[in-house]
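Student: protein.txt is reproduced in full below (compact mmCIF, C-alpha atoms).
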```txt
# COMPACT_ATOMS: atom_id res chain seq x y z
CA MET L 1 0.00 0.00 0.00
CA ASN L 2 3.00 2.31 -0.31
CA ASN L 3 1.84 3.39 -3.79
CA GLY L 4 5.20 2.56 -5.33
CA HIS L 5 7.15 4.86 -3.00
CA VAL L 6 10.62 3.78 -1.89
CA ASN L 7 10.81 3.44 1.89
CA GLN L 8 12.46 1.53 4.71
CA ALA L 9 9.26 -0.26 5.76
CA MET L 10 9.33 -2.70 2.86
CA ARG L 11 12.90 -3.69 3.67
CA CYS L 12 11.86 -4.28 7.27
CA LEU L 13 8.83 -6.34 6.31
CA ARG L 14 10.93 -8.51 4.00
CA GLY L 15 13.38 -9.11 6.83
CA LEU L 16 10.60 -10.09 9.24
CA ALA L 17 9.12 -12.46 6.66
CA ALA L 18 12.55 -14.03 6.11
CA GLY L 19 12.98 -14.59 9.85
CA PHE L 20 9.51 -16.15 10.04
CA PHE L 21 10.30 -18.53 7.19
CA GLU L 22 13.46 -19.62 8.96
CA ARG L 23 11.38 -20.50 12.03
CA VAL L 24 8.81 -22.36 9.94
CA GLN L 25 11.41 -24.43 8.10
CA ALA L 26 13.40 -25.18 11.25
CA HIS L 27 10.32 -27.02 12.55
CA ASN L 28 8.99 -28.13 9.15
CA PRO L 29 12.01 -29.02 6.99
CA GLY L 30 11.25 -28.84 3.30
CA LEU L 31 8.03 -26.83 3.63
CA PRO L 32 8.11 -24.25 0.79
CA CYS L 33 7.76 -20.61 1.85
CA GLU L 34 7.56 -17.58 -0.39
CA VAL L 35 6.87 -13.85 -0.24
CA VAL L 36 4.90 -12.39 -3.12
CA GLU L 37 4.43 -8.62 -3.24
CA VAL L 38 1.55 -6.76 -4.82
CA SER L 39 1.11 -2.99 -5.05
CA PRO L 40 -2.58 -2.29 -5.72
CA ARG L 41 -2.60 1.51 -5.45
CA ASP L 42 -0.21 2.28 -8.29
CA THR L 43 -0.88 -0.77 -10.48
CA ASN L 44 -4.51 -1.74 -9.74
CA ALA L 45 -3.19 -5.28 -9.46
CA PRO L 46 -5.81 -7.49 -7.81
CA ILE L 47 -5.00 -8.85 -4.37
CA PRO L 48 -4.66 -12.65 -4.70
CA THR L 49 -6.97 -14.67 -2.51
CA ASP L 50 -5.06 -17.95 -2.54
CA CYS L 51 -2.59 -17.13 0.23
CA ASP L 52 -2.38 -17.72 3.95
CA LEU L 53 -1.00 -14.63 5.69
CA TYR L 54 -1.10 -11.03 4.51
CA LEU L 55 0.89 -8.01 5.67
CA ALA L 56 -0.63 -4.73 4.48
CA SER L 57 1.82 -1.84 4.66
CA GLY L 58 1.68 1.86 5.40
CA GLY L 59 1.23 4.61 2.84
CA PRO L 60 1.91 7.50 2.19
CA GLY L 61 -1.17 9.51 1.39
CA SER L 62 -4.75 10.06 2.39
CA PRO L 63 -6.88 6.98 3.10
CA PHE L 64 -9.51 8.62 0.87
CA ASP L 65 -7.21 9.07 -2.16
CA GLY L 66 -8.57 6.02 -3.96
CA GLU L 67 -12.23 6.37 -3.01
CA GLY L 68 -14.30 4.56 -5.63
CA GLU L 69 -11.30 3.32 -7.62
CA PRO L 70 -11.03 -0.36 -8.57
CA TRP L 71 -8.21 -1.07 -6.11
CA THR L 72 -10.21 0.18 -3.10
CA GLN L 73 -13.19 -1.94 -4.08
CA ASP L 74 -10.91 -4.94 -4.48
CA PHE L 75 -9.33 -4.26 -1.07
CA ALA L 76 -12.77 -4.13 0.56
CA ARG L 77 -13.75 -7.46 -1.00
CA PHE L 78 -10.44 -8.93 0.06
CA VAL L 79 -10.81 -7.88 3.72
CA ASP L 80 -14.35 -9.23 3.84
CA GLY L 81 -13.07 -12.50 2.40
CA VAL L 82 -10.38 -12.77 5.05
CA VAL L 83 -12.96 -12.30 7.80
CA GLU L 84 -15.24 -14.90 6.26
CA SER L 85 -12.43 -17.46 5.90
CA ALA L 86 -11.25 -16.89 9.47
CA SER L 87 -14.79 -17.23 10.79
CA GLN L 88 -15.11 -20.59 9.04
CA GLY L 89 -11.74 -21.76 10.42
CA GLY L 90 -9.98 -24.90 9.26
CA ALA L 91 -7.02 -25.47 6.99
CA HIS L 92 -7.82 -22.65 4.55
CA ARG L 93 -8.38 -19.79 6.97
CA ARG L 94 -6.54 -16.59 6.10
CA ALA L 95 -5.28 -13.71 8.23
CA LEU L 96 -4.46 -10.04 7.66
CA PHE L 97 -2.24 -7.67 9.64
CA ALA L 98 -2.80 -4.04 8.59
CA ILE L 99 -0.31 -1.25 9.33
CA CYS L 100 -0.85 2.54 9.43
CA TYR L 101 -2.37 3.46 6.04
CA SER L 102 -3.89 0.00 5.75
CA PHE L 103 -5.20 0.34 9.31
CA GLU L 104 -7.00 3.51 8.22
CA LEU L 105 -8.45 1.74 5.17
CA VAL L 106 -9.80 -1.11 7.30
CA VAL L 107 -11.28 1.25 9.91
CA HIS L 108 -12.94 3.29 7.15
CA HIS L 109 -14.22 0.19 5.34
CA TYR L 110 -15.99 -1.13 8.44
CA LYS L 111 -17.04 2.36 9.63
CA LEU L 112 -15.46 1.73 13.02
CA ALA L 113 -14.42 5.32 13.70
CA ASP L 114 -13.93 8.73 12.10
CA VAL L 115 -10.72 8.78 10.05
CA VAL L 116 -9.66 12.43 10.05
CA PRO L 117 -6.57 14.53 9.29
CA ARG L 118 -4.40 15.51 12.24
CA ALA L 119 -3.73 19.14 13.01
CA ASP L 120 -0.03 18.33 12.60
CA ARG L 121 2.06 15.34 11.62
CA LYS L 122 2.93 12.82 14.33
CA PHE L 123 6.30 11.22 13.82
CA GLY L 124 9.13 9.60 15.73
CA VAL L 125 9.41 6.81 18.31
CA MET L 126 6.39 7.16 20.57
CA PRO L 127 4.71 5.34 23.46
CA ILE L 128 1.68 3.23 22.62
CA TYR L 129 -0.73 2.58 25.50
CA THR L 130 -2.50 -0.76 25.68
CA THR L 131 -6.07 -1.05 26.94
CA PRO L 132 -6.99 -3.55 29.67
CA VAL L 133 -8.22 -5.84 26.87
CA GLY L 134 -5.02 -5.27 24.89
CA GLN L 135 -2.90 -6.28 27.85
CA HIS L 136 -4.42 -9.76 27.64
CA HIS L 137 -4.64 -10.03 23.86
CA PRO L 138 -1.83 -12.16 22.36
CA LEU L 139 -0.75 -9.37 20.00
CA LEU L 140 0.26 -6.97 22.80
CA ALA L 141 0.23 -9.07 25.99
CA PRO L 142 4.06 -9.15 26.31
CA PHE L 143 4.21 -5.37 26.77
CA GLY L 144 2.10 -4.65 29.83
CA ASP L 145 0.49 -1.22 29.70
CA ARG L 146 2.93 0.42 27.24
CA LEU L 147 5.18 -0.30 24.28
CA PHE L 148 7.28 1.91 22.02
CA ALA L 149 6.93 2.10 18.25
CA PHE L 150 7.72 4.35 15.31
CA GLU L 151 4.87 6.57 14.16
CA HIS L 152 4.65 8.63 10.99
CA ARG L 153 1.16 9.81 10.12
CA ASN L 154 -0.99 12.75 9.13
CA TRP L 155 -4.29 10.96 9.81
CA GLU L 156 -5.91 9.32 12.78
CA ALA L 157 -8.95 7.28 13.76
CA VAL L 158 -11.05 8.80 16.55
CA ASN L 159 -14.54 8.41 18.04
CA LEU L 160 -14.58 4.62 18.05
CA ASP L 161 -17.99 3.05 17.48
CA GLU L 162 -17.67 0.40 20.17
CA ARG L 163 -21.00 -1.20 19.33
CA ARG L 164 -20.02 -1.58 15.69
CA LEU L 165 -16.63 -3.03 16.64
CA SER L 166 -18.25 -5.48 19.04
CA SER L 167 -20.72 -6.60 16.38
CA LEU L 168 -17.76 -7.67 14.22
CA GLY L 169 -16.19 -9.58 17.09
CA GLY L 170 -13.52 -6.92 17.51
CA GLN L 171 -11.76 -5.30 20.46
CA LEU L 172 -9.87 -2.07 21.19
CA LEU L 173 -6.25 -3.01 21.96
CA ALA L 174 -4.26 0.25 22.08
CA ARG L 175 -4.63 4.01 21.98
CA GLU L 176 -2.62 7.23 22.02
CA SER L 177 -3.27 8.03 25.69
CA ARG L 178 -3.87 5.91 28.74
CA ASP L 179 -7.05 7.86 29.42
CA GLY L 180 -7.94 8.19 25.74
CA ILE L 181 -7.64 11.99 25.83
CA SER L 182 -4.62 13.65 27.43
CA LYS L 183 -1.92 12.79 24.85
CA GLY L 184 -4.31 12.40 21.95
CA ARG L 185 -7.54 10.60 21.12
CA ALA L 186 -6.28 8.31 18.38
CA ILE L 187 -7.08 4.61 18.23
CA LEU L 188 -3.80 2.77 17.71
CA GLY L 189 -4.57 -0.95 17.80
CA LEU L 190 -7.57 -3.16 17.02
CA GLN L 191 -8.66 -6.71 16.77
CA VAL L 192 -11.02 -5.74 13.96
CA ALA L 193 -12.79 -9.04 13.37
CA PRO L 194 -11.85 -12.71 13.10
CA GLY L 195 -8.64 -12.90 11.07
CA VAL L 196 -7.95 -9.15 10.97
CA GLU L 197 -5.68 -7.29 13.38
CA ALA L 198 -4.54 -3.74 12.69
CA VAL L 199 -2.31 -1.04 14.19
CA GLN L 200 -1.82 2.63 13.37
CA PHE L 201 1.87 2.56 14.32
CA HIS L 202 4.81 0.82 12.60
CA PRO L 203 5.85 -2.34 14.48
CA GLU L 204 8.09 -3.28 11.54
CA ALA L 205 10.43 -0.31 12.11
CA ASP L 206 13.99 -1.25 13.06
CA ARG L 207 16.92 0.82 14.30
CA ALA L 208 18.49 1.07 10.86
CA GLY L 209 15.29 2.34 9.31
CA VAL L 210 14.67 5.00 11.96
CA MET L 211 18.30 6.13 11.79
CA SER L 212 18.04 6.39 8.00
CA TRP L 213 14.98 8.61 8.47
CA LEU L 214 16.78 10.74 11.08
CA ALA L 215 19.81 11.07 8.81
CA ARG L 216 17.75 13.43 6.66
CA PRO L 217 18.46 16.90 8.11
CA GLU L 218 14.95 18.15 7.41
CA GLN L 219 13.42 15.27 9.41
CA ALA L 220 15.72 15.74 12.40
CA ALA L 221 15.09 19.49 12.35
CA ALA L 222 11.32 18.99 12.11
CA PHE L 223 11.34 16.58 15.05
CA LYS L 224 13.35 18.99 17.21
CA ALA L 225 11.09 21.89 16.26
CA THR L 226 7.98 19.89 17.20
CA TYR L 227 9.13 17.97 20.27
CA GLY L 228 12.34 19.67 21.42
CA GLU L 229 16.03 18.76 21.68
CA VAL L 230 15.60 16.83 24.95
CA THR L 231 12.97 14.54 23.46
CA TYR L 232 15.09 14.10 20.33
CA LEU L 233 18.05 12.88 22.40
CA ALA L 234 15.74 10.63 24.43
CA MET L 235 14.51 9.07 21.19
CA LEU L 236 18.08 8.31 20.15
CA ARG L 237 18.63 6.53 23.47
CA THR L 238 15.41 4.60 22.97
CA LEU L 239 16.80 3.12 19.75
CA ASP L 240 19.55 1.42 21.77
CA ASP L 241 17.28 0.26 24.58
CA PRO L 242 16.46 -3.45 24.06
CA ARG L 243 13.26 -3.04 26.09
CA ARG L 244 11.70 -0.55 23.70
CA LEU L 245 11.67 -0.42 19.89
CA ALA L 246 13.71 -3.62 19.67
CA ARG L 247 11.06 -5.58 21.60
CA THR L 248 8.28 -4.21 19.43
CA TYR L 249 10.14 -5.29 16.30
CA ALA L 250 10.92 -8.71 17.76
CA LEU L 251 7.50 -9.57 19.15
CA VAL L 252 4.56 -7.88 17.41
CA ILE L 253 4.69 -9.02 13.76
CA PRO L 254 6.77 -12.17 14.44
CA GLY L 255 4.29 -13.11 17.17
CA TRP L 256 1.33 -12.53 14.85
CA LEU L 257 2.93 -14.58 12.07
CA GLY L 258 3.70 -17.49 14.39
CA ARG L 259 0.25 -17.42 15.97
CA CYS L 260 -1.54 -17.40 12.61
CA PHE L 261 0.71 -20.15 11.27
CA ASN L 262 -0.21 -22.29 14.26
CA ASP L 263 -3.90 -21.74 13.54
CA ILE L 264 -3.52 -23.64 10.26
CA ALA L 265 -0.69 -25.96 11.27
CA GLY L 266 -2.86 -28.62 12.88
CA PRO L 267 -5.40 -28.98 10.07
CA ARG L 268 -2.57 -29.15 7.52
CA GLY L 269 -0.40 -31.54 9.48
CA TYR L 270 2.44 -29.07 10.08
CA ALA L 271 4.49 -28.85 13.25
CA GLU L 272 3.46 -25.82 15.30
CA LEU L 273 5.97 -23.11 16.14
CA PRO L 274 7.03 -22.63 19.77
CA SER L 275 6.46 -19.31 21.51
CA LEU L 276 8.92 -16.57 20.69
CA GLU L 277 11.76 -15.79 23.04
CA ASP L 278 11.37 -12.34 24.55
CA VAL L 279 14.71 -11.11 23.25
CA PRO L 280 15.59 -8.55 20.55
CA CYS L 281 15.65 -9.95 17.03
CA SER L 282 19.10 -10.10 15.43
CA ARG L 283 17.67 -8.31 12.38
CA PHE L 284 16.73 -5.24 14.43
CA ASN L 285 20.16 -3.69 13.88
CA ALA L 286 20.43 -4.87 10.29
CA HIS L 287 22.49 -2.77 7.91
CA CYS L 288 20.28 -0.74 5.61
CA ARG L 289 20.76 1.27 2.44
CA ALA L 290 19.93 4.94 2.33
CA GLU L 291 17.61 4.18 -0.56
CA GLU L 292 15.86 0.85 -0.96
CA ALA L 293 16.30 -1.03 -4.22
CA SER L 294 13.25 -1.48 -6.35
CA ALA L 295 11.10 -4.42 -5.36
CA PRO L 296 11.39 -7.56 -7.51
CA PRO L 297 8.48 -8.30 -9.82
CA ALA L 298 5.65 -10.14 -8.15
CA ARG L 299 5.10 -13.72 -9.22
CA SER L 300 2.52 -16.34 -8.49
CA PRO L 301 3.34 -19.16 -6.06
CA GLY L 302 3.75 -22.66 -7.32
CA SER L 303 1.40 -25.47 -6.41
CA GLY L 304 1.41 -26.23 -2.70
CA GLU L 305 3.62 -23.28 -1.71
CA ARG L 306 2.86 -21.39 1.49
CA VAL L 307 2.90 -17.67 1.03
CA VAL L 308 3.04 -14.44 2.98
CA ARG L 309 1.76 -11.62 0.79
CA GLU L 310 2.74 -8.00 1.33
CA ILE L 311 0.29 -5.46 -0.01
```
Translate this file's structure into structure tokens.
Tutor:
Amino acid sequence: MNNGHVNQAMRCLRGLAAGFFERVQAHNPGLPCEVVEVSPRDTNAPIPTDCDLYLASGGPGSPFDGEGEPWTQDFARFVDGVVESASQGGAHRRALFAICYSFELVVHHYKLADVVPRADRKFGVMPIYTTPVGQHHPLLAPFGDRLFAFEHRNWEAVNLDERRLSSLGGQLLARESRDGISKGRAILGLQVAPGVEAVQFHPEADRAGVMSWLARPEQAAAFKATYGEVTYLAMLRTLDDPRRLARTYALVIPGWLGRCFNDIAGPRGYAELPSLEDVPCSRFNAHCRAEEASAPPARSPGSGERVVREI
């Protein structure tokens, strides 16, 4: 969903998928695994429906940019299909994890909240506050009442329709403030419905990616102008704190991938994956390029191959 824009997020997502495949094959030797990327916004390529796990990326742009276009209609059908397959369960259930821009699309599609522009951009490594429900949900349970993640957004979801969310089988997992007001009213994490979990922040962000962003003088200057020099220096320290961004990178998406794999492992006769160790992932400090190379052309999986799709 990055609309063909070069960014660090895609590199991070590829690294997380590679680490997941290593775990899968360590416990299931010979099981084929493949990432296939599609970019609906700039190509109108249809989202394939024959895959198991889907990671939907951030933007940039307005979540209303494609209103009425073929790709938004296809995305809506796709999300509904994921929910239906997850509700049915069994060997062919699918799952979607939506990030930032994709989070906004899902919230808008199901009319769960008002998706509105912020008065100013929110960006940098920020605290994310879990709700009492979120503290017991497997996505965020390891973090207690707070985790740290990279944010970069001009939009936000506010005024949650709790009745609508409940009717879908969803739950509010995280928000911008502990009290829902003082630091901002944004909704930051949802169990949307069976098979669909979504966050407004960027759990895929690693140290290398954030440092690449901060290496741009205009971004560092903008952060200091908005939040101050003291907060800027504190953010730099956070990048080296294994209890903060490193834990988010190591546990959120890898935990979701492992959990969803285990949902289909039994019906398919695969060996389930053990719980993740609560330690920073070795890929968190991975070397990164200042500019990401162009993504390889997408290709269809062969017969019997297990796939994570990134959209």
Student: Which value, in Å to one decimal, gives the distance between atom CA of L:Thr248 and atom CA of L:Gly195?
Tutor: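 Taking atom CA of L:Thr248 and atom CA of L:Gly195, their separation equals 20.8 Å.
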Student: Can you pull out every residue within 12 Å of L:Ser167, counting all atoms listed in the file, but drop anything in the same chain fewer than 3 positions away, and send it as number ranges by chain?
Tutor: L: 110-112, 161-164, 170-171, 192-194
Student: For the point (-13.1, -19.1, 12.0) in the file's frame, write as a ChimeraX atom specification all residues with an atom no more than 12 Å away, counting all atoms listed in the file.
Tutor: /L:81-95,169,193-196,260,263-264
Student: Nearest to L:Asn154: which of L:Pro60, L:Gly66, L:His109, L:Leu239 is it, counting only C-alpha atoms?
Tutor: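 Of L:Pro60, L:Gly66, L:His109, L:Leu239, the one nearest L:Asn154 is L:Pro60, counting only C-alpha atoms.
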Student: Select from stretch 153-272 of chain L every residue with an atom at most 10 Å from any atom of stretch 278-288 of chain L, then for each give the shortest pair of atoms and their distance in Å to one decimal, using all atoms listed in the file, rows by chain and rising number, as a Markdown table.
Tutor:
```
| residue | atom | partner | partner_atom | distance |
| --- | --- | --- | --- | --- |
| L:Glu204 | CA | L:Phe284 | CA | 9.3 |
| L:Ala205 | CA | L:Phe284 | CA | 8.3 |
| L:Asp206 | CA | L:Phe284 | CA | 5.0 |
| L:Arg207 | CA | L:Asn285 | CA | 5.6 |
| L:Ala208 | CA | L:Cys288 | CA | 5.8 |
| L:Gly209 | CA | L:Cys288 | CA | 6.9 |
| L:Met211 | CA | L:Cys288 | CA | 9.5 |
| L:Ser212 | CA | L:Cys288 | CA | 7.8 |
| L:Leu239 | CA | L:Asn285 | CA | 9.6 |
| L:Asp240 | CA | L:Asn285 | CA | 9.4 |
| L:Asp241 | CA | L:Pro280 | CA | 9.8 |
| L:Pro242 | CA | L:Pro280 | CA | 6.3 |
| L:Arg243 | CA | L:Pro280 | CA | 8.2 |
| L:Arg244 | CA | L:Pro280 | CA | 9.4 |
| L:Leu245 | CA | L:Phe284 | CA | 8.9 |
| L:Ala246 | CA | L:Pro280 | CA | 5.3 |
| L:Arg247 | CA | L:Pro280 | CA | 5.5 |
| L:Thr248 | CA | L:Pro280 | CA | 8.6 |
| L:Tyr249 | CA | L:Phe284 | CA | 6.9 |
| L:Ala250 | CA | L:Cys281 | CA | 4.9 |
| L:Leu251 | CA | L:Asp278 | CA | 7.2 |
| L:Pro254 | CA | L:Cys281 | CA | 9.5 |
```
Student: Create the file for the chosen residues now, containing C-alpha atoms and written as an mmCIF file, keeping the file's coordinate frame.
Tutor:
```
data_model
loop_
_atom_site.group_PDB
_atom_site.id
_atom_site.type_symbol
_atom_site.label_atom_id
_atom_site.label_comp_id
_atom_site.auth_asym_id
_atom_site.auth_seq_id
_atom_site.Cartn_x
_atom_site.Cartn_y
_atom_site.Cartn_z
ATOM 1 C CA GLU L 204 8.090 -3.280 11.540
ATOM 2 C CA ALA L 205 10.430 -0.310 12.110
ATOM 3 C CA ASP L 206 13.990 -1.250 13.060
ATOM 4 C CA ARG L 207 16.920 0.820 14.300
ATOM 5 C CA ALA L 208 18.490 1.070 10.860
ATOM 6 C CA GLY L 209 15.290 2.340 9.310
ATOM 7 C CA MET L 211 18.300 6.130 11.790
ATOM 8 C CA SER L 212 18.040 6.390 8.000
ATOM 9 C CA LEU L 239 16.800 3.120 19.750
ATOM 10 C CA ASP L 240 19.550 1.420 21.770
ATOM 11 C CA ASP L 241 17.280 0.260 24.580
ATOM 12 C CA PRO L 242 16.460 -3.450 24.060
ATOM 13 C CA ARG L 243 13.260 -3.040 26.090
ATOM 14 C CA ARG L 244 11.700 -0.550 23.700
ATOM 15 C CA LEU L 245 11.670 -0.420 19.890
ATOM 16 C CA ALA L 246 13.710 -3.620 19.670
ATOM 17 C CA ARG L 247 11.060 -5.580 21.600
ATOM 18 C CA THR L 248 8.280 -4.210 19.430
ATOM 19 C CA TYR L 249 10.140 -5.290 16.300
ATOM 20 C CA ALA L 250 10.920 -8.710 17.760
ATOM 21 C CA LEU L 251 7.500 -9.570 19.150
ATOM 22 C CA PRO L 254 6.770 -12.170 14.440
#
```
Student: Grab the atom CA of L:Pro127 to atom CA of L:Arg14 distance for me, in Å with one decimal place.
Tutor: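 Going from atom CA of L:Pro127 over to atom CA of L:Arg14 covers 24.7 Å.
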Student: Nearest to L:Trp256: which of L:Ile181, L:Ala45, L:Leu273, L:Val116 is it, counting all atoms listed in the file?
Tutor: L:Leu273
Student: Rounded to one decimal in Å, what is the spacing between atom CA of L:Phe261 and atom CA of L:Arg146?
Tutor: 26.1 Å
Student: Of the residues L:Phe103, L:Phe201, L:Phe143, L:Trp71, which is the one nearest to L:Ala56, using all atoms listed in the file?
Tutor: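 Using all atoms listed in the file, the shortest distance to L:Ala56 belongs to L:Phe103.
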Student: Which residue out of L:Thr49, L:Thr131, L:Ser57, L:Asn28 has the minimum interatomic distance to L:Ala9 when only C-alpha atoms are used?
Tutor: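 Checking each of L:Thr49, L:Thr131, L:Ser57, L:Asn28 against L:Ala9, counting only C-alpha atoms, the winner is L:Ser57.
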Student: So, counting all atoms listed in the file, which residue among L:Ile253, L:Val133, L:Leu214, L:Met10 is closest to L:Ala174?
Tutor: L:Val133
Student: Which of these residues is nearest to L:Asp74, using all atoms listed in the file: L:Leu190, L:Phe20, L:Pro40, L:Leu96?
Tutor: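 Checking each of L:Leu190, L:Phe20, L:Pro40, L:Leu96 against L:Asp74, counting all atoms listed in the file, the winner is L:Pro40.
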